[in-house]
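Reproduced below: work.cif, with mmCIF, C-alpha atoms.
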```cif
data_upload
loop_
_atom_site.label_atom_id
_atom_site.label_comp_id
_atom_site.auth_asym_id
_atom_site.auth_seq_id
_atom_site.Cartn_x
_atom_site.Cartn_y
_atom_site.Cartn_z
CA LEU A 77 -4.81 1.48 -30.06
CA GLY A 78 -6.02 2.69 -26.67
CA VAL A 79 -4.85 -0.43 -24.85
CA ARG A 80 -1.48 -0.31 -26.64
CA LEU A 81 -0.98 3.31 -25.59
CA VAL A 82 -1.78 2.44 -21.98
CA ARG A 83 0.78 -0.39 -22.08
CA LEU A 84 3.44 1.89 -23.59
CA ALA A 85 2.71 4.60 -21.02
CA HIS A 86 2.95 2.07 -18.18
CA GLN A 87 6.27 0.74 -19.50
CA ALA A 88 7.67 4.28 -19.77
CA TRP A 89 6.43 5.07 -16.26
CA ARG A 90 8.16 1.99 -14.83
CA GLN A 91 11.45 2.91 -16.52
CA SER A 92 11.51 6.63 -15.80
CA SER A 93 9.65 7.01 -12.50
CA LEU A 94 10.83 6.42 -8.96
CA ALA A 95 7.28 5.46 -7.98
CA PRO A 96 7.53 1.65 -8.35
CA ILE A 97 10.77 1.57 -6.35
CA ALA A 98 9.65 4.02 -3.68
CA ARG A 99 6.06 2.83 -3.22
CA PRO A 100 6.57 0.53 -0.19
CA HIS A 101 8.62 3.20 1.58
CA VAL A 102 6.05 5.91 0.80
CA GLU A 103 3.24 3.73 2.11
CA GLU A 104 5.17 2.81 5.26
CA LEU A 105 5.97 6.46 6.07
CA SER A 106 2.38 7.58 5.50
CA ARG A 107 1.05 4.84 7.78
CA ALA A 108 3.60 5.60 10.49
CA LEU A 109 2.92 9.34 10.53
CA GLY A 110 -0.75 9.38 9.59
CA GLU A 111 -0.06 12.23 7.18
CA THR A 112 -0.04 12.71 3.41
CA VAL A 113 3.22 11.75 1.69
CA HIS A 114 4.17 12.97 -1.78
CA LEU A 115 6.83 11.57 -4.10
CA ALA A 116 7.89 13.91 -6.89
CA GLN A 117 10.46 14.35 -9.64
CA LEU A 118 11.52 17.30 -11.75
CA ASP A 119 9.84 17.60 -15.13
CA GLY A 120 11.62 20.41 -16.94
CA GLY A 121 11.01 23.49 -14.82
CA HIS A 122 8.13 21.94 -12.89
CA VAL A 123 7.36 19.38 -10.21
CA LEU A 124 5.73 16.15 -11.36
CA TYR A 125 3.94 14.27 -8.58
CA VAL A 126 4.55 10.58 -9.30
CA ASP A 127 2.95 9.11 -6.17
CA LYS A 128 0.82 10.20 -3.24
CA ARG A 129 -0.47 8.51 -0.11
CA ASN A 130 -3.26 10.30 1.73
CA SER A 131 -3.33 10.84 5.48
CA ALA A 132 -5.65 9.02 7.84
CA GLN A 133 -7.80 12.15 7.59
CA PRO A 134 -7.52 13.19 3.91
CA VAL A 135 -7.56 16.88 3.05
CA GLU A 136 -8.50 18.34 -0.32
CA MET A 137 -5.40 19.81 -1.97
CA TYR A 138 -4.01 20.49 -5.44
CA SER A 139 -1.39 17.74 -5.61
CA GLN A 140 -2.29 14.39 -7.16
CA ALA A 141 -0.17 11.68 -8.79
CA GLY A 142 0.30 12.67 -12.42
CA LYS A 143 -0.21 16.39 -11.82
CA VAL A 144 2.42 19.03 -12.49
CA GLY A 145 3.02 21.83 -9.99
CA PRO A 146 5.27 24.86 -9.49
CA VAL A 147 8.82 24.17 -8.41
CA TYR A 148 9.57 27.48 -6.63
CA CYS A 149 6.82 27.40 -3.99
CA THR A 150 6.37 23.71 -3.15
CA GLY A 151 8.40 21.82 -0.56
CA VAL A 152 9.46 19.03 -2.90
CA GLY A 153 10.27 21.53 -5.63
CA LYS A 154 12.56 23.62 -3.45
CA ALA A 155 14.15 20.52 -1.89
CA MET A 156 15.17 19.30 -5.35
CA LEU A 157 16.26 22.73 -6.58
CA ALA A 158 18.57 23.22 -3.62
CA TRP A 159 20.83 20.38 -4.80
CA MET A 160 20.74 21.06 -8.54
CA PRO A 161 24.00 21.91 -10.33
CA GLU A 162 24.29 25.66 -10.90
CA ALA A 163 23.85 25.53 -14.69
CA GLU A 164 20.65 23.49 -14.42
CA LEU A 165 19.40 25.63 -11.55
CA MET A 166 19.87 28.81 -13.59
CA GLN A 167 17.92 27.31 -16.48
CA ILE A 168 15.04 26.19 -14.25
CA ILE A 169 14.84 29.53 -12.44
CA SER A 170 14.70 31.35 -15.79
CA GLN A 171 11.59 29.31 -16.68
CA GLN A 172 9.60 30.33 -13.60
CA SER A 173 6.64 32.71 -13.73
CA PHE A 174 6.86 33.46 -9.97
CA HIS A 175 3.10 33.80 -9.70
CA GLY A 176 1.97 34.75 -6.20
CA PHE A 177 -0.39 31.94 -5.18
CA THR A 178 -0.63 33.21 -1.58
CA LYS A 179 0.75 36.15 0.39
CA LYS A 180 3.67 33.89 1.41
CA THR A 181 4.74 32.81 -2.10
CA VAL A 182 8.32 33.62 -3.12
CA THR A 183 7.92 35.87 -6.15
CA ASP A 184 11.44 36.54 -7.43
CA ALA A 185 14.67 34.70 -8.19
CA THR A 186 16.74 36.51 -5.54
CA ALA A 187 14.40 35.49 -2.72
CA LEU A 188 14.26 31.94 -4.06
CA ARG A 189 18.05 31.62 -4.13
CA ALA A 190 18.26 32.90 -0.55
CA GLU A 191 15.74 30.25 0.49
CA LEU A 192 17.62 27.50 -1.36
CA ALA A 193 20.81 28.42 0.52
CA LYS A 194 18.95 27.93 3.83
CA ILE A 195 17.58 24.61 2.64
CA ARG A 196 21.05 23.31 1.76
CA THR A 197 22.28 24.29 5.23
CA ARG A 198 19.51 22.57 7.18
CA GLY A 199 18.99 19.64 4.77
CA TYR A 200 15.25 19.98 4.13
CA ALA A 201 12.68 22.41 2.74
CA PHE A 202 9.33 23.74 3.88
CA ASP A 203 6.18 24.87 2.14
CA ASP A 204 4.72 27.34 4.63
CA GLU A 205 1.36 27.98 2.93
CA GLU A 206 3.26 29.17 -0.15
CA HIS A 207 1.22 27.26 -2.73
CA GLU A 208 -2.11 26.76 -0.95
CA PRO A 209 -3.52 28.49 2.15
CA GLY A 210 -3.64 26.17 5.14
CA ILE A 211 -1.33 23.55 3.57
CA ILE A 212 2.20 23.09 4.94
CA CYS A 213 4.89 20.48 4.37
CA ILE A 214 8.45 19.42 5.00
CA ALA A 215 10.43 17.91 2.12
CA VAL A 216 13.76 16.15 1.60
CA PRO A 217 15.59 15.52 -1.69
CA ILE A 218 16.31 11.99 -2.86
CA LEU A 219 19.95 11.93 -3.98
CA SER A 220 22.07 9.27 -5.64
CA GLN A 221 25.45 8.30 -4.20
CA SER A 222 27.04 10.77 -6.62
CA GLY A 223 24.75 13.57 -5.42
CA ARG A 224 22.42 13.55 -8.40
CA VAL A 225 18.86 14.68 -7.69
CA MET A 226 16.54 11.74 -8.31
CA GLY A 227 13.42 13.16 -6.71
CA GLY A 228 11.92 14.56 -3.56
CA LEU A 229 9.74 13.28 -0.72
CA SER A 230 7.42 15.41 1.41
CA VAL A 231 5.12 15.01 4.36
CA THR A 232 2.17 17.35 4.00
CA SER A 233 -0.35 18.46 6.60
CA THR A 234 -2.58 21.38 7.48
CA THR A 235 -2.13 24.33 9.81
CA SER A 236 -4.99 22.95 11.90
CA ARG A 237 -3.01 19.77 12.66
CA HIS A 238 0.62 20.90 12.51
CA SER A 239 2.95 23.87 12.47
CA ILE A 240 6.28 24.24 10.70
CA LYS A 241 7.94 23.66 14.07
CA THR A 242 6.16 20.34 14.67
CA LEU A 243 6.77 19.19 11.08
CA GLN A 244 10.46 19.89 11.61
CA LYS A 245 10.52 17.13 14.23
CA LEU A 246 9.77 14.62 11.44
CA ALA A 247 12.94 15.48 9.48
CA SER A 248 15.06 12.56 10.70
CA GLN A 249 12.31 10.02 9.99
CA ILE A 250 11.80 11.39 6.48
CA LYS A 251 15.56 11.35 5.85
CA GLU A 252 15.70 7.68 6.88
CA THR A 253 12.95 6.87 4.37
CA VAL A 254 14.69 8.89 1.67
CA GLY A 255 17.90 7.00 2.36
CA ARG A 256 16.16 3.66 1.85
CA ILE A 257 14.58 4.86 -1.40
CA ALA A 258 17.94 6.12 -2.67
CA GLU A 259 19.60 2.83 -1.79
CA ASP A 260 16.94 0.83 -3.65
CA ALA A 261 17.16 3.20 -6.62
CA GLU A 262 20.92 2.99 -7.14
CA LEU A 263 20.49 0.31 -9.80
CA TRP A 264 17.60 2.18 -11.40
CA ARG A 265 18.28 3.02 -15.04
CA PHE A 266 17.57 6.70 -15.69
CA PRO A 267 16.00 7.60 -19.06
CA ASP A 268 19.14 9.39 -20.30
CA LYS A 269 21.27 6.33 -19.49
CA ILE A 270 18.81 4.11 -21.35
CA ASN A 271 19.11 6.36 -24.41
CA GLN A 272 22.90 6.34 -24.25
CA ASN A 273 22.97 2.55 -24.24
CA ALA A 274 20.37 2.20 -27.01
#
```
Have the structure of the file written as structure tokens, please.
Amino acid sequence: LGVRLVRLAHQAWRQSSLAPIARPHVEELSRALGETVHLAQLDGGHVLYVDKRNSAQPVEMYSQAGKVGPVYCTGVGKAMLAWMPEAELMQIISQQSFHGFTKKTVTDATALRAELAKIRTRGYAFDDEEHEPGIICIAVPILSQSGRVMGGLSVTSTTSRHSIKTLQKLASQIKETVGRIAEDAELWRFPDKINQNA
């Protein structure tokens, strides 16, 4: 039974996760920058990390592939939220606890919406020590041709190696990687589409 469950889980992961499609691009970006790269998708009102490549100098942090994290104070979470349709965004925001992980954590819906508006304008999100002290990142949403949010990609570092200003210089390179992932994923069958055709 255990082996069968593992096989079923692997099959579901391959059908519903961007990870198999994005893996070569995630690995290439991590090697090029020497920093940690996260690939994530939305799981209800949370962030699900589906892949991670550590930096040349790994740093202990919360995020790991398979872990679920908060959507309102992580770079990938905010990057995905910023492009969600209003009805879905309202539902996700209503599910948030807005726990203050650090002194920089956004702790209410009004502040979060203001931040999402800024993210949409500039095209990428930051985590400025909002989830973990000393951990910062820049994140970009992965969008389909129709504008649907498929996932998010972030480059994560520490305040001892980078600042928000220096991470910002990586935006164009991350966007190029995201574009390649989105292009490869256009033929990917989303779980809801699979169900509709069943």
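Using all atoms listed in the file, the nearest neighbour of His122 in chain A within the list A:Ile250, A:Ala261, A:Cys149, A:Val144 is A:Val144.
The smallest atom-to-atom distance between His238 in chain A and any of A:Ala201, A:Leu192, A:Ile97, A:Leu109, using all atoms listed in the file, is found for A:Leu109.
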Quiz item: Which residues match the PyMOL selection byres ((chain A and resi 112) around 10) in the file above, as a list in words?
Solution: Val102, Glu103, Leu105, Ser106, Arg107, Leu109, Gly110, Glu111, Val113, His114, Lys128, Arg129, Asn130, Ser131, Ala132, Gln133, Pro134, Val135, Cys213, Ser230, Val231, Thr232, Ser233 and Thr234 of chain A
Print the selection's residues with C-alpha atoms to a file, as a compact mmCIF listing (two decimals), in the coordinates of the input.
```
# COMPACT_ATOMS: atom_id res chain seq x y z
CA VAL A 102 6.05 5.91 0.80
CA GLU A 103 3.24 3.73 2.11
CA LEU A 105 5.97 6.46 6.07
CA SER A 106 2.38 7.58 5.50
CA ARG A 107 1.05 4.84 7.78
CA LEU A 109 2.92 9.34 10.53
CA GLY A 110 -0.75 9.38 9.59
CA GLU A 111 -0.06 12.23 7.18
CA VAL A 113 3.22 11.75 1.69
CA HIS A 114 4.17 12.97 -1.78
CA LYS A 128 0.82 10.20 -3.24
CA ARG A 129 -0.47 8.51 -0.11
CA ASN A 130 -3.26 10.30 1.73
CA SER A 131 -3.33 10.84 5.48
CA ALA A 132 -5.65 9.02 7.84
CA GLN A 133 -7.80 12.15 7.59
CA PRO A 134 -7.52 13.19 3.91
CA VAL A 135 -7.56 16.88 3.05
CA CYS A 213 4.89 20.48 4.37
CA SER A 230 7.42 15.41 1.41
CA VAL A 231 5.12 15.01 4.36
CA THR A 232 2.17 17.35 4.00
CA SER A 233 -0.35 18.46 6.60
CA THR A 234 -2.58 21.38 7.48
```
Quiz item: Just how far from CA of Ala190 in chain A is CA of Thr178 in chain A, in Å to one decimal?
Solution: 18.9 Å
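Using all atoms listed in the file, the shortest contact distance between Val123 in chain A and any of A:Gly223, A:Pro161, A:Gly151, A:Pro209 is found at A:Gly151.
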Quiz item: With distances taken over all atoms listed in the file, which of A:Glu259, A:Glu164, A:Asp119, A:Glu206 is nearest to Leu219 in chain A?
Solution: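 That would be A:Glu259, the residue with the smallest distance to Leu219 in chain A.
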Practice problem: Convert the output of the PyMOL selection byres ((chain A and resi 152) around 9) on the shown file into explicit residues, formatted as a list in words. | Solution: His114, Leu115, Ala116, Gln117, Val123, Val147, Cys149, Thr150, Gly151, Gly153, Lys154, Ala155, Met156, Leu157, Ala201, Phe202, Asp203, Cys213, Ile214, Ala215, Val216, Pro217, Gly227, Gly228, Leu229 and Ser230 of chain A
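Here CA of Lys143 in chain A is placed at a distance of 23.7 Å from CA of Met166 in chain A.
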Quiz item: So which residues touch Thr235 in chain A within 8 Å, counting only C-alpha atoms, skipping near sequence neighbours fewer than 3 positions away, as a list in words?
Solution: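 My list of contacting residues is Gly210, Ile211, Ile212, His238 and Ser239 of chain A.
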Quiz prompt | One-decimal distance in Å that lies between CA of Leu188 in chain A and CA of Met160 in chain A | solution = 13.4 Å
Determine, counting all atoms listed in the file, which protein, DNA and RNA residues have an atom within 7 Å of an atom of range 253-255 of chain A; residues of the same chain fewer than 4 positions away are not included. Present the result as an mmCIF file with C-alpha atoms, keeping the file's coordinate frame.
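For reference, around.cif as written:
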```
data_model
loop_
_atom_site.group_PDB
_atom_site.id
_atom_site.type_symbol
_atom_site.label_atom_id
_atom_site.label_comp_id
_atom_site.auth_asym_id
_atom_site.auth_seq_id
_atom_site.Cartn_x
_atom_site.Cartn_y
_atom_site.Cartn_z
ATOM 1 C CA HIS A 101 8.620 3.200 1.580
ATOM 2 C CA ILE A 218 16.310 11.990 -2.860
ATOM 3 C CA GLN A 249 12.310 10.020 9.990
ATOM 4 C CA GLU A 259 19.600 2.830 -1.790
#
```
